[in-house]
file coords-v2.txt (compact mmCIF, C-alpha atoms)
# COMPACT_ATOMS: atom_id res chain seq x y z
CA MET A 1 4.00 -16.34 -26.79
CA ALA A 2 5.87 -17.53 -23.72
CA SER A 3 5.96 -13.99 -22.38
CA TRP A 4 2.17 -13.76 -22.69
CA VAL A 5 1.70 -16.99 -20.76
CA THR A 6 4.07 -15.82 -18.02
CA PHE A 7 2.37 -12.46 -17.83
CA GLY A 8 -1.08 -14.05 -17.74
CA VAL A 9 -0.22 -16.40 -14.89
CA LEU A 10 1.47 -13.65 -12.86
CA ALA A 11 -1.24 -11.04 -13.49
CA GLY A 12 -3.99 -13.51 -12.70
CA SER A 13 -2.47 -14.52 -9.38
CA ILE A 14 -1.71 -10.90 -8.44
CA VAL A 15 -5.30 -9.76 -9.01
CA LEU A 16 -6.81 -12.90 -7.48
CA SER A 17 -4.81 -12.68 -4.27
CA ALA A 18 -5.50 -8.94 -4.09
CA LEU A 19 -9.23 -9.64 -4.36
CA LEU A 20 -8.97 -12.24 -1.61
CA ALA A 21 -7.00 -9.76 0.51
CA VAL A 22 -9.73 -7.12 0.34
CA THR A 23 -12.70 -9.46 0.71
CA SER A 24 -11.45 -11.85 3.39
CA ARG A 25 -13.28 -11.36 6.67
CA ARG A 26 -10.33 -12.46 8.82
CA LEU A 27 -7.59 -9.87 9.00
CA VAL A 28 -4.82 -12.46 9.41
CA SER A 29 -5.66 -14.17 6.13
CA SER A 30 -6.11 -10.76 4.55
CA VAL A 31 -2.53 -9.83 5.46
CA LEU A 32 -1.25 -13.19 4.18
CA TRP A 33 -3.04 -12.75 0.83
CA LEU A 34 -1.54 -9.26 0.60
CA GLY A 35 1.87 -10.84 1.10
CA ALA A 36 1.15 -13.35 -1.68
CA SER A 37 0.10 -10.56 -4.03
CA LEU A 38 3.24 -8.54 -3.28
CA ALA A 39 5.50 -11.59 -3.68
CA VAL A 40 4.05 -12.39 -7.10
CA THR A 41 4.52 -8.72 -8.01
CA ALA A 42 8.21 -9.18 -7.21
CA ALA A 43 8.29 -12.00 -9.77
CA LEU A 44 6.61 -9.69 -12.29
CA PHE A 45 9.34 -7.09 -11.68
CA VAL A 46 11.97 -9.71 -12.46
CA THR A 47 10.28 -10.46 -15.79
CA LEU A 48 10.35 -6.70 -16.48
CA ALA A 49 14.15 -6.62 -16.24
CA ALA A 50 14.14 -5.06 -12.78
CA PRO A 51 15.68 -7.77 -10.59
CA LEU A 52 16.89 -5.21 -8.06
CA LEU A 53 13.34 -3.97 -7.48
CA GLY A 54 12.04 -7.52 -7.32
CA GLY A 55 14.53 -8.41 -4.62
CA LEU A 56 13.87 -5.24 -2.67
CA GLN A 57 10.14 -5.81 -2.95
CA LEU A 58 10.56 -9.26 -1.42
CA LEU A 59 12.83 -7.98 1.32
CA LEU A 60 10.88 -4.87 2.26
CA TYR A 61 7.27 -5.86 1.68
CA VAL A 62 7.15 -9.57 2.27
CA GLY A 63 9.89 -9.55 4.88
CA GLY A 64 9.21 -6.23 6.60
CA VAL A 65 5.78 -4.80 5.95
CA MET A 66 3.90 -8.08 6.16
CA THR A 67 5.60 -9.02 9.43
CA LEU A 68 4.81 -5.58 10.81
CA MET A 69 1.17 -5.91 9.79
CA LEU A 70 0.93 -9.38 11.32
CA PHE A 71 2.29 -7.88 14.53
CA GLY A 72 -0.35 -5.16 14.28
CA VAL A 73 -3.12 -7.72 13.83
CA MET A 74 -1.90 -9.85 16.72
CA LEU A 75 -1.32 -6.92 19.09
CA THR A 76 -4.73 -5.42 18.48
CA GLY A 77 -6.39 -8.80 18.83
CA SER A 78 -8.44 -8.15 15.72
CA GLY A 79 -7.32 -11.38 14.07
CA GLN A 80 -10.59 -13.22 14.37
CA HIS A 81 -13.06 -10.98 12.65
CA GLU A 82 -13.28 -7.48 11.45
CA SER A 83 -15.03 -5.39 14.04
CA GLY A 84 -18.32 -3.74 13.28
CA GLN A 85 -20.86 -4.53 10.64
CA PRO A 86 -20.69 -2.36 7.53
CA PRO A 87 -23.92 -0.96 6.18
CA PRO A 88 -25.44 -3.44 3.71
CA TRP A 89 -25.18 -1.14 0.71
CA ALA A 90 -21.50 -0.24 1.29
CA PRO A 91 -19.93 -3.11 -0.73
CA ALA A 92 -22.24 -2.53 -3.70
CA ARG A 93 -21.46 1.18 -3.72
CA ALA A 94 -17.72 0.55 -3.42
CA ALA A 95 -17.85 -2.04 -6.21
CA LEU A 96 -19.68 0.43 -8.44
CA VAL A 97 -17.05 3.13 -7.83
CA ALA A 98 -14.20 0.67 -8.48
CA ILE A 99 -15.76 -0.71 -11.68
CA VAL A 100 -16.51 2.75 -13.07
CA LEU A 101 -12.95 3.87 -12.31
CA PHE A 102 -11.56 0.76 -13.98
CA GLY A 103 -13.73 1.41 -17.01
CA VAL A 104 -12.46 4.98 -17.35
CA LEU A 105 -8.81 3.99 -16.80
CA GLY A 106 -9.09 0.98 -19.09
CA ALA A 107 -10.65 3.02 -21.90
CA ALA A 108 -7.90 5.62 -21.58
CA ILE A 109 -5.15 2.97 -21.60
CA VAL A 110 -6.57 0.96 -24.50
CA ASN A 111 -7.08 4.06 -26.66
CA THR A 112 -3.55 5.34 -26.13
CA PRO A 113 -0.87 4.13 -28.54
CA LEU A 114 1.83 2.73 -26.27
CA PRO A 115 5.37 1.69 -27.21
CA ALA A 116 6.27 -1.96 -27.62
CA LEU A 117 8.57 -3.56 -25.07
CA GLU A 118 10.49 -5.79 -27.46
CA GLY A 119 13.63 -4.38 -28.97
CA VAL A 120 14.20 -1.79 -26.30
CA PRO A 121 17.47 -2.36 -24.45
CA SER A 122 16.50 -2.99 -20.86
CA PRO A 123 17.91 -0.62 -18.24
CA THR A 124 20.80 -2.22 -16.41
CA LEU A 125 21.63 -1.99 -12.76
CA ALA A 126 24.46 0.39 -13.62
CA HIS A 127 21.97 2.81 -15.20
CA VAL A 128 19.77 2.69 -12.11
CA GLY A 129 22.67 3.25 -9.74
CA GLU A 130 23.97 6.15 -11.78
CA GLU A 131 20.55 7.83 -11.91
CA LEU A 132 20.06 7.26 -8.20
CA LEU A 133 23.34 8.74 -7.05
CA THR A 134 23.87 11.55 -9.59
CA THR A 135 20.69 13.07 -11.00
CA ASN A 136 18.48 12.18 -8.05
CA LEU A 137 20.99 12.55 -5.25
CA LEU A 138 19.04 15.33 -3.55
CA ALA A 139 15.81 13.32 -3.59
CA PHE A 140 17.75 10.34 -2.23
CA GLU A 141 19.03 12.39 0.70
CA VAL A 142 15.60 13.89 1.37
CA LEU A 143 14.24 10.36 1.43
CA SER A 144 16.69 9.38 4.13
CA PHE A 145 15.42 12.30 6.20
CA LEU A 146 11.87 11.12 5.58
CA LEU A 147 12.76 7.67 6.89
CA LEU A 148 14.30 9.25 9.97
CA ALA A 149 11.17 11.35 10.48
CA ALA A 150 8.99 8.26 10.10
CA MET A 151 11.06 6.42 12.69
CA VAL A 152 10.87 9.27 15.19
CA GLY A 153 7.17 9.73 14.47
CA ALA A 154 6.43 6.05 15.04
CA ILE A 155 8.30 6.11 18.36
CA VAL A 156 6.45 9.24 19.48
CA LEU A 157 3.07 7.81 18.48
CA ALA A 158 3.54 4.35 19.94
CA ARG A 159 5.29 5.47 23.12
CA LYS A 160 3.44 4.97 26.36
CA SER A 161 2.71 8.63 26.59
CA ASP A 162 -0.45 9.86 27.66
CA VAL A 163 -1.04 12.99 25.67
CA PHE A 164 -3.89 11.37 23.80
CA GLU A 165 -5.18 9.45 26.78
CA ALA A 166 -5.14 12.52 29.02
CA ARG A 167 -6.86 14.53 26.35
CA ARG A 168 -9.45 11.83 26.02
CA ARG A 169 -10.08 11.83 29.75
CA ASN A 170 -10.30 15.60 29.81
CA ALA A 171 -12.44 15.93 26.73
CA PRO A 172 -15.88 15.37 28.33
CA ARG A 173 -15.02 17.65 31.22
CA SER A 174 -13.99 20.53 28.98
CA GLU A 175 -17.25 20.19 27.10
CA GLU A 176 -19.24 20.44 30.29
CA ALA A 177 -17.30 23.43 31.62
CA PRO A 178 -19.05 26.20 29.70
CA MET B 1 4.02 -7.23 -26.19
CA THR B 2 3.27 -3.59 -25.49
CA LEU B 3 2.84 -1.64 -22.30
CA THR B 4 -0.96 -1.92 -22.46
CA PRO B 5 -1.47 -5.21 -20.52
CA TYR B 6 0.83 -4.02 -17.74
CA LEU B 7 -1.03 -0.75 -17.36
CA LEU B 8 -4.36 -2.59 -17.40
CA LEU B 9 -3.09 -4.91 -14.67
CA ALA B 10 -2.03 -1.90 -12.58
CA ALA B 11 -5.43 -0.24 -13.12
CA ALA B 12 -7.23 -3.43 -12.05
CA LEU B 13 -5.07 -3.74 -8.94
CA PHE B 14 -5.66 -0.09 -8.07
CA CYS B 15 -9.43 -0.56 -8.39
CA VAL B 16 -9.33 -3.66 -6.18
CA GLY B 17 -7.46 -1.60 -3.58
CA LEU B 18 -10.01 1.20 -3.89
CA TYR B 19 -12.83 -1.28 -3.34
CA GLY B 20 -11.10 -2.53 -0.20
CA LEU B 21 -10.49 0.99 1.07
CA LEU B 22 -14.17 1.86 0.69
CA THR B 23 -15.50 -1.30 2.36
CA ARG B 24 -13.09 -1.83 5.25
CA ARG B 25 -13.94 -0.43 8.63
CA SER B 26 -10.83 -1.48 10.52
CA ALA B 27 -7.74 0.68 10.20
CA LEU B 28 -5.53 -2.31 9.40
CA GLY B 29 -7.83 -3.39 6.58
CA ALA B 30 -7.64 0.10 5.11
CA LEU B 31 -3.84 -0.02 5.38
CA ILE B 32 -3.79 -3.31 3.45
CA SER B 33 -5.86 -1.73 0.68
CA ILE B 34 -3.55 1.29 0.50
CA GLU B 35 -0.61 -1.11 0.13
CA LEU B 36 -2.31 -2.71 -2.86
CA MET B 37 -2.86 0.70 -4.48
CA ALA B 38 0.77 1.70 -3.95
CA ASN B 39 1.81 -1.62 -5.44
CA ALA B 40 -0.27 -0.84 -8.53
CA ALA B 41 1.54 2.47 -8.92
CA ASN B 42 4.85 0.64 -8.63
CA ILE B 43 3.90 -1.83 -11.37
CA ASN B 44 3.15 1.16 -13.60
CA LEU B 45 6.55 2.70 -12.92
CA VAL B 46 8.48 -0.51 -13.51
CA ALA B 47 6.58 -1.26 -16.72
CA CYS B 48 7.31 2.26 -17.98
CA SER B 49 10.97 1.86 -17.06
CA ARG B 50 11.07 -1.24 -19.29
CA SER B 51 9.87 0.73 -22.31
CA GLN B 52 12.81 3.14 -22.20
CA SER B 53 16.46 2.41 -21.79
CA GLY B 54 17.35 4.77 -18.91
CA GLY B 55 17.00 3.83 -15.27
CA PHE B 56 15.00 6.91 -14.30
CA ALA B 57 11.63 5.22 -13.73
CA GLN B 58 13.21 2.45 -11.68
CA VAL B 59 14.69 5.07 -9.37
CA PHE B 60 11.20 6.43 -8.83
CA ALA B 61 9.93 2.93 -8.12
CA LEU B 62 12.67 2.59 -5.49
CA PHE B 63 11.61 5.87 -3.91
CA LEU B 64 7.98 4.74 -3.89
CA LEU B 65 9.02 1.51 -2.15
CA ALA B 66 10.73 3.46 0.63
CA LEU B 67 7.82 5.92 0.94
CA THR B 68 5.31 3.09 1.30
CA VAL B 69 7.34 1.42 4.00
CA ALA B 70 7.52 4.70 5.95
CA GLU B 71 3.78 5.12 5.54
CA VAL B 72 3.09 1.62 6.86
CA VAL B 73 5.28 2.23 9.90
CA ILE B 74 3.32 5.36 10.81
CA GLY B 75 0.04 3.60 10.00
CA ILE B 76 0.77 0.69 12.34
CA ALA B 77 1.81 3.13 15.08
CA ILE B 78 -1.52 4.95 14.70
CA VAL B 79 -3.40 1.64 14.78
CA LEU B 80 -1.65 0.67 18.03
CA LEU B 81 -2.40 4.10 19.50
CA LEU B 82 -6.06 3.78 18.49
CA PHE B 83 -6.23 0.38 20.09
CA ARG B 84 -4.65 1.59 23.31
CA THR B 85 -6.95 4.55 23.71
CA HIS B 86 -10.18 2.99 22.46
CA LYS B 87 -9.71 -0.80 22.81
CA ASP B 88 -10.67 -1.03 19.15
CA ALA B 89 -8.98 -0.19 15.88
CA GLU B 90 -11.89 1.05 13.84
CA LEU B 91 -11.08 3.73 11.32
CA THR B 92 -13.77 6.24 12.32
CA LEU B 93 -12.42 6.37 15.89
CA ALA B 94 -9.40 8.33 14.63
CA ARG B 95 -11.74 11.32 14.55
CA ASP B 96 -10.93 11.76 18.24
CA PHE B 97 -7.31 12.64 17.44
CA LYS B 98 -8.44 15.87 15.86
CA HIS B 99 -8.09 19.00 17.95

call {"tool": "encode", "arguments": {"input": "coords-v2.txt", "output": "structure tokens"}}
result
Amino acid sequence: MASWVTFGVLAGSIVLSALLAVTSRRLVSSVLWLGASLAVTAALFVTLAAPLLGGLQLLLYVGGVMTLMLFGVMLTGSGQHESGQPPPWAPARAALVAIVLFGVLGAAIVNTPLPALEGVPSPTLAHVGEELLTTNLLAFEVLSFLLLAAMVGAIVLARKSDVFEARRRNAPRSEEAP
Amino acid sequence: MTLTPYLLLAAALFCVGLYGLLTRRSALGALISIELMANAANINLVACSRSQSGGFAQVFALFLLALTVAEVVIGIAIVLLLFRTHKDAELTLARDFKH
């Protein structure tokens, strides 16, 4: 019973803060609600016998990603309000799509016989480390290349280079030329 | 307790993220929604890893964590670029980066 109560509290706060994150009009509070949702997810991971993932989730998402996003909001000055006014029917349409998708997914999940969690020996950290560095070593190395590529890509994109700006200046002229 | 409530939670979180992605106009708002959807996928992986004794699914969750962080880094860089060239970070403006 205790596990149900824990799960209910965690799941409720995850979904609630996610809803607040997507509906909040101010981007700063949106980012903060996202951080709350991700932090509670870290707690959920700990209850699922994955303390390593919970810790990494806190470090990477709440410590790294959220800070980065706050920087993004502050630097673009879009902290006050979201720019532009969406068409009035957009939220209703989006809600319809989301609800229909949830209905389909929920029906599929409920009608599938799924294994119980009790009685299964939980994977230990040793298992995870062994899988990571033996079976999946190649994927691990490829991932490090991906991180390098992301770093270089971010530097190239955010650099004060003027490929995009020059192109933007030239764009109207090249359209007039012919 | 079975896997079902965890998968339902992940589905709900994914749908909330989808709703956000469809309603947001700013690039940062869309990025926030994508984070929520990736988080839902991660909950699925961790819950599935709990139902078997090996650590395979947790390794995938770790990979997903790293992938999402890389994606956010590139996303923020694109948002800053958008803002510098257009003085606004609306998602539809990224159309200009084509060609």

call {"tool": "atom_distance", "arguments": {"input": "coords-v2.txt", "atom1": "CA of Leu64 in chain B", "atom2": "CA of Asn39 in chain B"}}
result
9.0 Å

call {"tool": "interface_residues", "arguments": {"input": "coords-v2.txt", "of": "chain A", "to": "chain B", "cutoff": "7 Å", "atoms": "all atoms listed in the file", "output": "number ranges by chain"}}
result
A: 11, 15, 18-19, 22, 27, 31, 34, 45, 48-49, 53, 65, 72, 76, 82-83, 90-91, 94-95, 98, 101-102, 105-106, 109-110, 114-118, 120-123, 127-128, 131-132, 147, 150, 153-154, 157-158, 165

call {"tool": "axis_aligned_box", "arguments": {"input": "coords-v2.txt", "around": "range 130-135 of chain A", "padding_each_side": "4 Å", "output": "JSON"}}
result
{"center_x": 22.0, "center_y": 9.6, "center_z": -9.5, "size_x": 11.9, "size_y": 14.9, "size_z": 12.9}

call {"tool": "atom_distance", "arguments": {"input": "coords-v2.txt", "atom1": "CA of Thr134 in chain A", "atom2": "CA of Leu56 in chain A"}}
result
20.7 Å

call {"tool": "closest_atom_pairs", "arguments": {"input": "coords-v2.txt", "of": "range 52-159 of chain A", "to": "range 36-39 of chain A", "cutoff": "12 Å", "atoms": "only C-alpha atoms", "output": "JSON lines"}}
result
{"residue": "A:Leu53", "atom": "CA", "partner": "A:Ala39", "partner_atom": "CA", "distance": 11.6}
{"residue": "A:Gly54", "atom": "CA", "partner": "A:Ala39", "partner_atom": "CA", "distance": 8.5}
{"residue": "A:Gly55", "atom": "CA", "partner": "A:Ala39", "partner_atom": "CA", "distance": 9.6}
{"residue": "A:Leu56", "atom": "CA", "partner": "A:Ala39", "partner_atom": "CA", "distance": 10.6}
{"residue": "A:Gln57", "atom": "CA", "partner": "A:Leu38", "partner_atom": "CA", "distance": 7.4}
{"residue": "A:Leu58", "atom": "CA", "partner": "A:Ala39", "partner_atom": "CA", "distance": 6.0}
{"residue": "A:Leu59", "atom": "CA", "partner": "A:Ala39", "partner_atom": "CA", "distance": 9.6}
{"residue": "A:Leu60", "atom": "CA", "partner": "A:Leu38", "partner_atom": "CA", "distance": 10.1}
{"residue": "A:Tyr61", "atom": "CA", "partner": "A:Leu38", "partner_atom": "CA", "distance": 6.9}
{"residue": "A:Val62", "atom": "CA", "partner": "A:Ala39", "partner_atom": "CA", "distance": 6.5}
{"residue": "A:Gly63", "atom": "CA", "partner": "A:Ala39", "partner_atom": "CA", "distance": 9.8}
{"residue": "A:Gly64", "atom": "CA", "partner": "A:Leu38", "partner_atom": "CA", "distance": 11.8}
{"residue": "A:Val65", "atom": "CA", "partner": "A:Leu38", "partner_atom": "CA", "distance": 10.3}
{"residue": "A:Met66", "atom": "CA", "partner": "A:Leu38", "partner_atom": "CA", "distance": 9.5}

call {"tool": "atom_distance", "arguments": {"input": "coords-v2.txt", "atom1": "CA of Ala43 in chain A", "atom2": "CA of Thr67 in chain A"}}
result
19.6 Å

call {"tool": "build_atoms", "arguments": {"input": "coords-v2.txt", "residues": "range 23-41 of chain B", "atoms": "N, CA, C and O atoms", "output": "PDB file, in the frame of the given file"}}
result
ATOM      1  N   THR B  23     -14.657  -0.374   1.592  1.00  0.00           N
ATOM      2  CA  THR B  23     -15.500  -1.300   2.360  1.00  0.00           C
ATOM      3  C   THR B  23     -14.959  -1.581   3.749  1.00  0.00           C
ATOM      4  O   THR B  23     -15.739  -1.925   4.632  1.00  0.00           O
ATOM      5  N   ARG B  24     -13.643  -1.460   3.948  1.00  0.00           N
ATOM      6  CA  ARG B  24     -13.090  -1.830   5.250  1.00  0.00           C
ATOM      7  C   ARG B  24     -13.462  -0.818   6.324  1.00  0.00           C
ATOM      8  O   ARG B  24     -13.489   0.380   6.059  1.00  0.00           O
ATOM      9  N   ARG B  25     -13.703  -1.325   7.508  1.00  0.00           N
ATOM     10  CA  ARG B  25     -13.940  -0.430   8.630  1.00  0.00           C
ATOM     11  C   ARG B  25     -12.770  -0.402   9.600  1.00  0.00           C
ATOM     12  O   ARG B  25     -12.599   0.560  10.319  1.00  0.00           O
ATOM     13  N   SER B  26     -11.969  -1.473   9.596  1.00  0.00           N
ATOM     14  CA  SER B  26     -10.830  -1.480  10.520  1.00  0.00           C
ATOM     15  C   SER B  26      -9.650  -0.758   9.872  1.00  0.00           C
ATOM     16  O   SER B  26      -9.478  -0.781   8.657  1.00  0.00           O
ATOM     17  N   ALA B  27      -8.857  -0.107  10.716  1.00  0.00           N
ATOM     18  CA  ALA B  27      -7.740   0.680  10.200  1.00  0.00           C
ATOM     19  C   ALA B  27      -6.719  -0.204   9.502  1.00  0.00           C
ATOM     20  O   ALA B  27      -6.147   0.182   8.482  1.00  0.00           O
ATOM     21  N   LEU B  28      -6.512  -1.424  10.037  1.00  0.00           N
ATOM     22  CA  LEU B  28      -5.530  -2.310   9.400  1.00  0.00           C
ATOM     23  C   LEU B  28      -5.999  -2.761   8.017  1.00  0.00           C
ATOM     24  O   LEU B  28      -5.200  -2.847   7.083  1.00  0.00           O
ATOM     25  N   GLY B  29      -7.298  -3.005   7.890  1.00  0.00           N
ATOM     26  CA  GLY B  29      -7.830  -3.390   6.580  1.00  0.00           C
ATOM     27  C   GLY B  29      -7.626  -2.281   5.571  1.00  0.00           C
ATOM     28  O   GLY B  29      -7.260  -2.532   4.413  1.00  0.00           O
ATOM     29  N   ALA B  30      -7.843  -1.034   6.012  1.00  0.00           N
ATOM     30  CA  ALA B  30      -7.640   0.100   5.110  1.00  0.00           C
ATOM     31  C   ALA B  30      -6.175   0.201   4.702  1.00  0.00           C
ATOM     32  O   ALA B  30      -5.849   0.488   3.554  1.00  0.00           O
ATOM     33  N   LEU B  31      -5.276  -0.071   5.667  1.00  0.00           N
ATOM     34  CA  LEU B  31      -3.840  -0.020   5.380  1.00  0.00           C
ATOM     35  C   LEU B  31      -3.458  -1.053   4.335  1.00  0.00           C
ATOM     36  O   LEU B  31      -2.649  -0.780   3.427  1.00  0.00           O
ATOM     37  N   ILE B  32      -4.056  -2.251   4.436  1.00  0.00           N
ATOM     38  CA  ILE B  32      -3.790  -3.310   3.450  1.00  0.00           C
ATOM     39  C   ILE B  32      -4.208  -2.845   2.062  1.00  0.00           C
ATOM     40  O   ILE B  32      -3.478  -3.010   1.074  1.00  0.00           O
ATOM     41  N   SER B  33      -5.383  -2.197   1.980  1.00  0.00           N
ATOM     42  CA  SER B  33      -5.860  -1.730   0.680  1.00  0.00           C
ATOM     43  C   SER B  33      -4.939  -0.652   0.108  1.00  0.00           C
ATOM     44  O   SER B  33      -4.666  -0.635  -1.100  1.00  0.00           O
ATOM     45  N   ILE B  34      -4.450   0.236   0.980  1.00  0.00           N
ATOM     46  CA  ILE B  34      -3.550   1.290   0.500  1.00  0.00           C
ATOM     47  C   ILE B  34      -2.258   0.682  -0.034  1.00  0.00           C
ATOM     48  O   ILE B  34      -1.706   1.132  -1.044  1.00  0.00           O
ATOM     49  N   GLU B  35      -1.793  -0.397   0.629  1.00  0.00           N
ATOM     50  CA  GLU B  35      -0.610  -1.110   0.130  1.00  0.00           C
ATOM     51  C   GLU B  35      -0.834  -1.603  -1.291  1.00  0.00           C
ATOM     52  O   GLU B  35       0.045  -1.476  -2.153  1.00  0.00           O
ATOM     53  N   LEU B  36      -2.023  -2.178  -1.524  1.00  0.00           N
ATOM     54  CA  LEU B  36      -2.310  -2.710  -2.860  1.00  0.00           C
ATOM     55  C   LEU B  36      -2.284  -1.581  -3.887  1.00  0.00           C
ATOM     56  O   LEU B  36      -1.767  -1.743  -4.999  1.00  0.00           O
ATOM     57  N   MET B  37      -2.828  -0.412  -3.533  1.00  0.00           N
ATOM     58  CA  MET B  37      -2.860   0.700  -4.480  1.00  0.00           C
ATOM     59  C   MET B  37      -1.456   1.200  -4.776  1.00  0.00           C
ATOM     60  O   MET B  37      -1.101   1.483  -5.933  1.00  0.00           O
ATOM     61  N   ALA B  38      -0.610   1.267  -3.737  1.00  0.00           N
ATOM     62  CA  ALA B  38       0.770   1.700  -3.950  1.00  0.00           C
ATOM     63  C   ALA B  38       1.516   0.698  -4.825  1.00  0.00           C
ATOM     64  O   ALA B  38       2.330   1.070  -5.682  1.00  0.00           O
ATOM     65  N   ASN B  39       1.187  -0.575  -4.627  1.00  0.00           N
ATOM     66  CA  ASN B  39       1.810  -1.620  -5.440  1.00  0.00           C
ATOM     67  C   ASN B  39       1.427  -1.456  -6.907  1.00  0.00           C
ATOM     68  O   ASN B  39       2.249  -1.651  -7.805  1.00  0.00           O
ATOM     69  N   ALA B  40       0.172  -1.070  -7.145  1.00  0.00           N
ATOM     70  CA  ALA B  40      -0.270  -0.840  -8.530  1.00  0.00           C
ATOM     71  C   ALA B  40       0.535   0.287  -9.153  1.00  0.00           C
ATOM     72  O   ALA B  40       0.986   0.179 -10.308  1.00  0.00           O
ATOM     73  N   ALA B  41       0.743   1.363  -8.394  1.00  0.00           N
ATOM     74  CA  ALA B  41       1.540   2.470  -8.920  1.00  0.00           C
ATOM     75  C   ALA B  41       2.943   2.027  -9.241  1.00  0.00           C
ATOM     76  O   ALA B  41       3.533   2.418 -10.263  1.00  0.00           O
TER      77      ALA B  41
END
